[in-house]
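Before any comments, here is the structure.
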Amino acid sequence: MQPSIRLSQTISDNGGLDDINPKVEATTQVTPAVRISTRGQRIQGALDYAIDGVVYARETGDSGLQQRLRMSGRGELLEDRLYIDADAQMSRQAKSAFGQLPPVSGLSSANTVQTATYSLSPFLVGRIGSLADYRLRAVHSATIAPDASQYDATSQSVEFGVSSGVLFGRLGWAFDATHTVTAYEEGRRTRADGLVATLSYLVVPDLVVRVNGGTEWNDYRTVERTRYDRYGVGFEWRPTERTLISAQADDRYFGTGYNVVFQHRTPHTVWTLRAGRDVSEINGRGTGPNITVFDLLYAQFASIEPDPLLREQLVLNFLATNGISRDTLVSPNVLFGAATLQESQSLSFALVGRRTTITVTVSVARVSRLDTIATGIADDFADTSAVRQRGFNVNLSHRLTPQSSATLTLDGRHNEGDLAAQSTRQRTILLAWVTQLGVRSSLSLAGRHVSFDSQTDPYVENAVIATFSYRFN
């Protein structure tokens, strides 16, 4: 267990983010936090929880508390047979891709809402001699937004799969069946079922090719459940221990679905290319999950520390030493009120040197509503057929002395819809200096410039921020 506290003071020349009548605002933020991790024989996982207490000197009505949570873990209920996975997140997320966004993720604004998601998933695994392996999993997940119920939803699913055992050698086979029921608070109840059979062949020890075919039923685009055939091909190639190339393409009811991943690590860099087109239900509604600088470096540090929990602590210590916030978003998410079809491409790069760390991410996404029967939902698709997003994030950190470092962050986002008013651009520049005052404490000074272009709520903001952080052990 590692408790900590952070005190931050911000002086902004436009605290209300008002382009017509900007006012100087002083904001005080106190953030007690705790991190708990365990790697026991039966339970493994980590939990990060923080409460942001924000006080505005002038607009006191905006003062309040915000909660942040990241938790994931696995418990072994029956040795080598029965397990349970648990995941939960709590943060502020944007309601509209076209609305005004605050300069710092987590601050309260009219376009953000406190959102919680969680998932509980018990699963059973077993083996039928050398003939086959089987797995049975149940999943219950939910999204809860207390102040915006149109995003509330629950989902229950059952998944059963059986795959070939060692008896079949290079030739592999698998059979998967799924059943999912999702209920949206202001949408409707939908059901999706699928049966897929897969044949694979191990061409060489590091290359697997596969073909699949099956049937799926759903009522996303029709009142009654409709049957669709599906088939696809794919491969996975690992030419080295640090390189992965995989691709899968399927002909499905919404057209061509695909998933492409390229990842390559060197002793100091990691390159990742991802591209995909697929259905998104309640745990990923929007342009995809929030991706942070922590996520990029977590992949990079795999070559240094293979153990997940030890690697996570290693990354956290590295970020603190170099003055990089673990919550710095490189790919933010937007909430929607029904199932969506998402197509996205992203390229990420991370360089970890002796004194310099660089992370770069460029992304493009297009999201449209998959459920064409649902109407009257107060999300972005009430006024547009698709949300198109482009963005980049560059983070450069350089160690000046053994105790201090400087960080430069450049961030840009461009969102578009069908209407001329649905076009926004936000550009952020953040320059920070951080120094270690002791083994457990640090001080940082930063300057921020934000420019938000919009036909309805544009603003320009400049701010200086001082932050003191302390770890209790």
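Naming works like this for the structure tokens: A, B, ... for the chains as they're shown, residue 1 at the start of each chain, ligands 1 onward in shown order.
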
Might you pull out every residue within 6 Å of Gly213 in chain A, with only C-alpha atoms counted and same-chain residues fewer than 6 positions away left off, and present them as a ChimeraX atom specification? /A:196-197,230-231

Please list as a ChimeraX atom specification every residue within 6 Å of Gln150 in chain A, counting only C-alpha atoms and excluding residues in the same chain fewer than 4 positions away. /A:185-186,337

Just the residues within 10 Å of range 367-373 of chain A, please, counting only C-alpha atoms, with nothing from its chain fewer than 6 positions along; format it as a VMD selection string. chain A and resid 187 to 188 190 219 to 223 254 277 279 to 281 285 to 288 336 to 344 380 to 382 384 to 389

Export, as a short mmCIF file (atom, residue, chain, number, x, y, z; two decimals), in the first residue's frame, the selected residues with N, CA, C and O atoms.
```
data_model
loop_
_atom_site.label_atom_id
_atom_site.label_comp_id
_atom_site.auth_asym_id
_atom_site.auth_seq_id
_atom_site.Cartn_x
_atom_site.Cartn_y
_atom_site.Cartn_z
N GLY A 187 -31.91 3.98 -24.49
CA GLY A 187 -31.97 3.32 -25.79
C GLY A 187 -32.93 2.15 -25.74
O GLY A 187 -34.09 2.27 -25.37
N ARG A 188 -32.42 0.97 -26.05
CA ARG A 188 -33.26 -0.21 -26.02
C ARG A 188 -32.41 -1.43 -25.67
O ARG A 188 -31.19 -1.35 -25.56
N THR A 190 -30.79 -4.88 -26.60
CA THR A 190 -30.35 -5.57 -27.80
C THR A 190 -29.74 -6.93 -27.43
O THR A 190 -29.27 -7.12 -26.30
N ASP A 219 -30.05 -7.90 -33.40
CA ASP A 219 -31.16 -7.01 -33.74
C ASP A 219 -30.71 -5.54 -33.71
O ASP A 219 -31.49 -4.65 -33.38
N TYR A 220 -29.45 -5.29 -34.06
CA TYR A 220 -28.95 -3.92 -34.06
C TYR A 220 -29.64 -3.07 -35.13
O TYR A 220 -29.96 -1.90 -34.90
N ARG A 221 -29.86 -3.63 -36.30
CA ARG A 221 -30.40 -2.86 -37.42
C ARG A 221 -31.80 -3.29 -37.82
O ARG A 221 -32.36 -2.76 -38.78
N THR A 222 -32.37 -4.22 -37.12
CA THR A 222 -33.72 -4.69 -37.40
C THR A 222 -34.46 -4.88 -36.08
O THR A 222 -33.84 -5.11 -35.03
N VAL A 223 -35.78 -4.79 -36.14
CA VAL A 223 -36.58 -4.98 -34.92
C VAL A 223 -36.47 -6.42 -34.43
O VAL A 223 -36.32 -6.67 -33.24
N PHE A 254 -21.90 -5.83 -40.96
CA PHE A 254 -21.69 -4.39 -41.12
C PHE A 254 -20.65 -4.10 -42.21
O PHE A 254 -20.25 -2.95 -42.40
N ARG A 277 -11.61 -2.22 -37.23
CA ARG A 277 -13.00 -1.84 -37.53
C ARG A 277 -13.88 -2.92 -36.92
O ARG A 277 -13.84 -4.08 -37.33
N VAL A 279 -17.45 -3.68 -33.86
CA VAL A 279 -18.56 -3.22 -33.03
C VAL A 279 -18.03 -2.86 -31.65
O VAL A 279 -17.14 -3.52 -31.12
N SER A 280 -18.59 -1.81 -31.05
CA SER A 280 -18.22 -1.42 -29.70
C SER A 280 -19.46 -1.37 -28.84
O SER A 280 -20.42 -0.67 -29.15
N GLU A 281 -19.42 -2.15 -27.74
CA GLU A 281 -20.53 -2.12 -26.79
C GLU A 281 -20.17 -1.22 -25.61
O GLU A 281 -19.33 -0.34 -25.73
N ARG A 285 -17.58 2.30 -25.65
CA ARG A 285 -18.31 3.25 -26.48
C ARG A 285 -17.52 4.53 -26.63
O ARG A 285 -17.07 5.12 -25.67
N GLY A 286 -17.39 4.96 -27.84
CA GLY A 286 -16.60 6.13 -28.14
C GLY A 286 -15.53 5.79 -29.15
O GLY A 286 -15.66 4.84 -29.91
N THR A 287 -14.47 6.54 -29.18
CA THR A 287 -13.42 6.30 -30.15
C THR A 287 -12.41 5.29 -29.65
O THR A 287 -11.37 5.10 -30.27
N GLY A 288 -12.73 4.60 -28.57
CA GLY A 288 -11.82 3.62 -28.01
C GLY A 288 -11.50 3.96 -26.57
O GLY A 288 -11.88 4.99 -26.05
N PHE A 336 -21.07 7.55 -25.89
CA PHE A 336 -22.24 7.49 -26.76
C PHE A 336 -23.31 6.65 -26.07
O PHE A 336 -23.02 5.86 -25.17
N GLY A 337 -24.56 6.79 -26.53
CA GLY A 337 -25.68 6.16 -25.83
C GLY A 337 -26.22 4.90 -26.45
O GLY A 337 -27.31 4.45 -26.10
N ALA A 338 -25.48 4.28 -27.40
CA ALA A 338 -25.92 3.05 -28.03
C ALA A 338 -24.70 2.36 -28.63
O ALA A 338 -23.61 2.93 -28.67
N ALA A 339 -24.90 1.13 -29.12
CA ALA A 339 -23.80 0.41 -29.75
C ALA A 339 -23.31 1.17 -30.98
O ALA A 339 -24.09 1.76 -31.72
N THR A 340 -22.00 1.16 -31.20
CA THR A 340 -21.40 1.92 -32.29
C THR A 340 -20.51 1.03 -33.15
O THR A 340 -20.06 -0.04 -32.73
N LEU A 341 -20.25 1.52 -34.36
CA LEU A 341 -19.29 0.90 -35.26
C LEU A 341 -18.07 1.82 -35.30
O LEU A 341 -18.19 3.00 -35.65
N GLN A 342 -16.90 1.28 -34.94
CA GLN A 342 -15.70 2.09 -34.82
C GLN A 342 -14.65 1.64 -35.81
O GLN A 342 -14.39 0.46 -35.97
N GLU A 343 -14.05 2.63 -36.46
CA GLU A 343 -12.90 2.37 -37.33
C GLU A 343 -11.80 3.32 -36.90
O GLU A 343 -11.98 4.54 -36.86
N SER A 344 -10.64 2.78 -36.55
CA SER A 344 -9.57 3.62 -36.01
C SER A 344 -8.22 3.11 -36.45
O SER A 344 -8.02 1.91 -36.69
N ASP A 380 -24.11 12.58 -29.57
CA ASP A 380 -23.70 13.27 -30.80
C ASP A 380 -24.44 12.79 -32.04
O ASP A 380 -24.61 13.55 -33.00
N PHE A 381 -24.90 11.54 -32.04
CA PHE A 381 -25.54 11.00 -33.24
C PHE A 381 -26.97 11.50 -33.42
O PHE A 381 -27.63 11.12 -34.39
N ALA A 382 -27.44 12.34 -32.50
CA ALA A 382 -28.73 12.97 -32.72
C ALA A 382 -28.65 14.00 -33.85
O ALA A 382 -29.68 14.33 -34.47
N THR A 384 -25.64 14.03 -36.19
CA THR A 384 -24.66 13.67 -37.21
C THR A 384 -24.65 12.16 -37.41
O THR A 384 -24.99 11.41 -36.50
N SER A 385 -24.28 11.75 -38.61
CA SER A 385 -24.23 10.32 -38.91
C SER A 385 -22.92 9.69 -38.45
O SER A 385 -22.84 8.48 -38.27
N ALA A 386 -21.88 10.51 -38.27
CA ALA A 386 -20.57 9.98 -37.88
C ALA A 386 -19.77 11.05 -37.16
O ALA A 386 -19.94 12.24 -37.40
N VAL A 387 -18.90 10.61 -36.27
CA VAL A 387 -17.95 11.48 -35.59
C VAL A 387 -16.56 11.11 -36.10
O VAL A 387 -16.14 9.96 -36.00
N ARG A 388 -15.86 12.09 -36.65
CA ARG A 388 -14.51 11.86 -37.17
C ARG A 388 -13.52 12.61 -36.30
O ARG A 388 -13.70 13.81 -36.03
N GLN A 389 -12.48 11.90 -35.87
CA GLN A 389 -11.50 12.48 -34.96
C GLN A 389 -10.09 12.25 -35.46
O GLN A 389 -9.75 11.17 -35.95
#
```

Among range 187-307 of chain A, which ones does DSSP place in alpha helix (DSSP H), written as a PyMOL selection string? chain A and resi 293-300

Excluding Thr240 in chain A and residues on its chain fewer than 4 positions from it, collect all residues at most 10 Å away from it, counting only C-alpha atoms, and give them as an NGL selection string. :A and (206 or 244 or 264-265)

For Phe349 in chain A, work out the shell of residues within 7 Å, counting only C-alpha atoms and skipping chain neighbours fewer than 5 positions away, then give it as a count of residues only. 6

Would you pick out the contacts of Arg92 in chain A at 7 Å or less, using only C-alpha atoms, so that residues sharing its chain but fewer than 4 positions from it are not included, and give the list as a ChimeraX atom specification? /A:106,112-115

Can I get the selection written as a short mmCIF file (atom, residue, chain, number, x, y, z; two decimals), in the first residue's frame, with C-alpha atoms?
```cif
data_model
loop_
_atom_site.label_atom_id
_atom_site.label_comp_id
_atom_site.auth_asym_id
_atom_site.auth_seq_id
_atom_site.Cartn_x
_atom_site.Cartn_y
_atom_site.Cartn_z
CA GLY A 106 -10.46 15.53 -14.80
CA THR A 112 -17.75 16.28 -19.01
CA VAL A 113 -19.47 13.89 -16.64
CA GLN A 114 -18.28 11.62 -13.85
CA THR A 115 -18.44 8.11 -15.25
#
```

Residues within 12 Å of range 178-183 of chain A, only C-alpha atoms, excluding chain neighbours under 5 positions, as a ChimeraX atom specification: /A:135-143,150-161,188-196,214-220,280-283,337-339,371,374

Just write the chosen residues, N, CA and C atoms, as a tab-separated table (two decimals), in the first residue's frame.
```tsv
chain	number	residue	atom	x	y	z
A	135	ARG	N	-13.10	-23.62	-22.17
A	135	ARG	CA	-13.24	-22.49	-21.28
A	135	ARG	C	-14.68	-22.00	-21.33
A	136	LEU	N	-15.17	-21.62	-20.19
A	136	LEU	CA	-16.53	-21.09	-20.05
A	136	LEU	C	-16.44	-19.82	-19.23
A	137	ARG	N	-16.94	-18.72	-19.77
A	137	ARG	CA	-16.81	-17.42	-19.11
A	137	ARG	C	-18.16	-16.70	-19.10
A	138	ALA	N	-18.48	-16.08	-17.97
A	138	ALA	CA	-19.64	-15.20	-17.85
A	138	ALA	C	-19.13	-13.79	-17.54
A	139	VAL	N	-19.75	-12.79	-18.14
A	139	VAL	CA	-19.31	-11.41	-17.96
A	139	VAL	C	-20.51	-10.53	-17.64
A	140	HIS	N	-20.39	-9.78	-16.56
A	140	HIS	CA	-21.36	-8.74	-16.25
A	140	HIS	C	-20.63	-7.42	-16.21
A	141	SER	N	-21.06	-6.44	-17.01
A	141	SER	CA	-20.41	-5.14	-17.04
A	141	SER	C	-21.45	-4.04	-17.07
A	142	ALA	N	-21.03	-2.85	-16.66
A	142	ALA	CA	-21.97	-1.74	-16.59
A	142	ALA	C	-21.23	-0.42	-16.73
A	143	THR	N	-21.93	0.57	-17.25
A	143	THR	CA	-21.48	1.96	-17.29
A	143	THR	C	-22.50	2.80	-16.52
A	150	GLN	N	-28.38	9.02	-19.89
A	150	GLN	CA	-28.48	8.48	-21.24
A	150	GLN	C	-27.28	7.60	-21.60
A	151	TYR	N	-26.22	7.66	-20.78
A	151	TYR	CA	-25.06	6.82	-21.03
A	151	TYR	C	-25.04	5.57	-20.16
A	152	ASP	N	-26.02	5.41	-19.28
A	152	ASP	CA	-26.06	4.23	-18.42
A	152	ASP	C	-26.42	2.99	-19.23
A	153	ALA	N	-25.76	1.89	-18.94
A	153	ALA	CA	-26.04	0.64	-19.65
A	153	ALA	C	-25.49	-0.53	-18.86
A	154	THR	N	-26.08	-1.70	-19.07
A	154	THR	CA	-25.58	-2.93	-18.47
A	154	THR	C	-25.51	-4.00	-19.56
A	155	SER	N	-24.63	-4.95	-19.35
A	155	SER	CA	-24.46	-6.01	-20.32
A	155	SER	C	-24.13	-7.32	-19.61
A	156	GLN	N	-24.74	-8.39	-20.07
A	156	GLN	CA	-24.45	-9.74	-19.58
A	156	GLN	C	-24.13	-10.62	-20.78
A	157	SER	N	-23.08	-11.40	-20.66
A	157	SER	CA	-22.72	-12.29	-21.76
A	157	SER	C	-22.19	-13.61	-21.23
A	158	VAL	N	-22.31	-14.63	-22.06
A	158	VAL	CA	-21.77	-15.96	-21.78
A	158	VAL	C	-20.95	-16.37	-22.99
A	159	GLU	N	-19.76	-16.86	-22.74
A	159	GLU	CA	-18.88	-17.29	-23.82
A	159	GLU	C	-18.40	-18.71	-23.53
A	160	PHE	N	-18.48	-19.56	-24.54
A	160	PHE	CA	-17.97	-20.93	-24.41
A	160	PHE	C	-17.06	-21.22	-25.59
A	161	GLY	N	-15.91	-21.78	-25.30
A	161	GLY	CA	-14.98	-22.11	-26.37
A	161	GLY	C	-14.27	-23.42	-26.09
A	188	ARG	N	-32.42	0.97	-26.05
A	188	ARG	CA	-33.26	-0.21	-26.02
A	188	ARG	C	-32.41	-1.43	-25.67
A	189	ARG	N	-33.08	-2.53	-25.49
A	189	ARG	CA	-32.42	-3.79	-25.16
A	189	ARG	C	-32.06	-4.51	-26.45
A	190	THR	N	-30.79	-4.88	-26.60
A	190	THR	CA	-30.35	-5.57	-27.80
A	190	THR	C	-29.74	-6.93	-27.43
A	191	ARG	N	-29.75	-7.82	-28.41
A	191	ARG	CA	-29.23	-9.17	-28.19
A	191	ARG	C	-28.37	-9.57	-29.38
A	192	ALA	N	-27.23	-10.20	-29.09
A	192	ALA	CA	-26.32	-10.66	-30.14
A	192	ALA	C	-25.81	-12.04	-29.78
A	193	ASP	N	-25.83	-12.94	-30.76
A	193	ASP	CA	-25.34	-14.31	-30.58
A	193	ASP	C	-24.42	-14.66	-31.73
A	194	GLY	N	-23.47	-15.55	-31.48
A	194	GLY	CA	-22.55	-15.93	-32.54
A	194	GLY	C	-22.00	-17.32	-32.37
A	195	LEU	N	-21.75	-17.99	-33.50
A	195	LEU	CA	-21.09	-19.29	-33.55
A	195	LEU	C	-19.99	-19.20	-34.60
A	196	VAL	N	-18.75	-19.47	-34.21
A	196	VAL	CA	-17.62	-19.35	-35.12
A	196	VAL	C	-16.70	-20.57	-34.96
A	214	GLY	N	-18.68	-18.84	-39.78
A	214	GLY	CA	-19.73	-19.06	-38.79
A	214	GLY	C	-20.97	-18.26	-39.09
A	215	THR	N	-21.77	-18.09	-38.06
A	215	THR	CA	-23.06	-17.41	-38.16
A	215	THR	C	-23.26	-16.54	-36.93
A	216	GLU	N	-23.90	-15.39	-37.13
A	216	GLU	CA	-24.26	-14.55	-35.99
A	216	GLU	C	-25.66	-13.99	-36.18
A	217	TRP	N	-26.31	-13.74	-35.05
A	217	TRP	CA	-27.66	-13.20	-35.02
A	217	TRP	C	-27.66	-11.94	-34.15
A	218	ASN	N	-28.34	-10.90	-34.57
A	218	ASN	CA	-28.49	-9.72	-33.73
A	218	ASN	C	-29.67	-8.89	-34.21
A	219	ASP	N	-30.05	-7.90	-33.40
A	219	ASP	CA	-31.16	-7.01	-33.74
A	219	ASP	C	-30.71	-5.54	-33.71
A	220	TYR	N	-29.45	-5.29	-34.06
A	220	TYR	CA	-28.95	-3.92	-34.06
A	220	TYR	C	-29.64	-3.07	-35.13
A	280	SER	N	-18.59	-1.81	-31.05
A	280	SER	CA	-18.22	-1.42	-29.70
A	280	SER	C	-19.46	-1.37	-28.84
A	281	GLU	N	-19.42	-2.15	-27.74
A	281	GLU	CA	-20.53	-2.12	-26.79
A	281	GLU	C	-20.17	-1.22	-25.61
A	282	ILE	N	-20.77	-1.42	-24.46
A	282	ILE	CA	-20.74	-0.42	-23.39
A	282	ILE	C	-19.36	-0.18	-22.80
A	283	ASN	N	-18.45	-1.17	-22.84
A	283	ASN	CA	-17.14	-0.96	-22.23
A	283	ASN	C	-16.17	-0.21	-23.12
A	337	GLY	N	-24.56	6.79	-26.53
A	337	GLY	CA	-25.68	6.16	-25.83
A	337	GLY	C	-26.22	4.90	-26.45
A	338	ALA	N	-25.48	4.28	-27.40
A	338	ALA	CA	-25.92	3.05	-28.03
A	338	ALA	C	-24.70	2.36	-28.63
A	339	ALA	N	-24.90	1.13	-29.12
A	339	ALA	CA	-23.80	0.41	-29.75
A	339	ALA	C	-23.31	1.17	-30.98
A	371	ASP	N	-26.62	0.81	-34.02
A	371	ASP	CA	-28.04	0.55	-33.74
A	371	ASP	C	-28.87	1.63	-34.42
A	374	ALA	N	-32.53	2.56	-32.60
A	374	ALA	CA	-32.60	3.43	-31.42
A	374	ALA	C	-32.70	4.89	-31.85
```

Between CA of Gly165 in chain A and CA of Asp133 in chain A, measure the distance and give it in Å to one decimal. 5.9 Å

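When only C-alpha atoms are used to measure the gap to Gly412 in chain A, the shortest distance among A:Asp453, A:Asp307, A:Asp147, A:Asp295 belongs to A:Asp453.
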
DSSP on the backbone: what in range 162-345 of chain A comes out strand (DSSP E), as number ranges by chain? A: 162-164, 171-184, 189-204, 207-218, 226-240, 243-252, 255-265, 269-280, 291-292, 329-331, 340-345

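Shortest separation to Pro122 in chain A among A:Ala110, A:Val204, A:Ile84, A:Ala46 occurs at residue A:Ile84, atoms counted being only C-alpha atoms.
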
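Counting only C-alpha atoms and comparing A:Gly376, A:Pro205, A:Ser423, A:Trp433, the residue that lies closest to His398 in chain A is A:Trp433.
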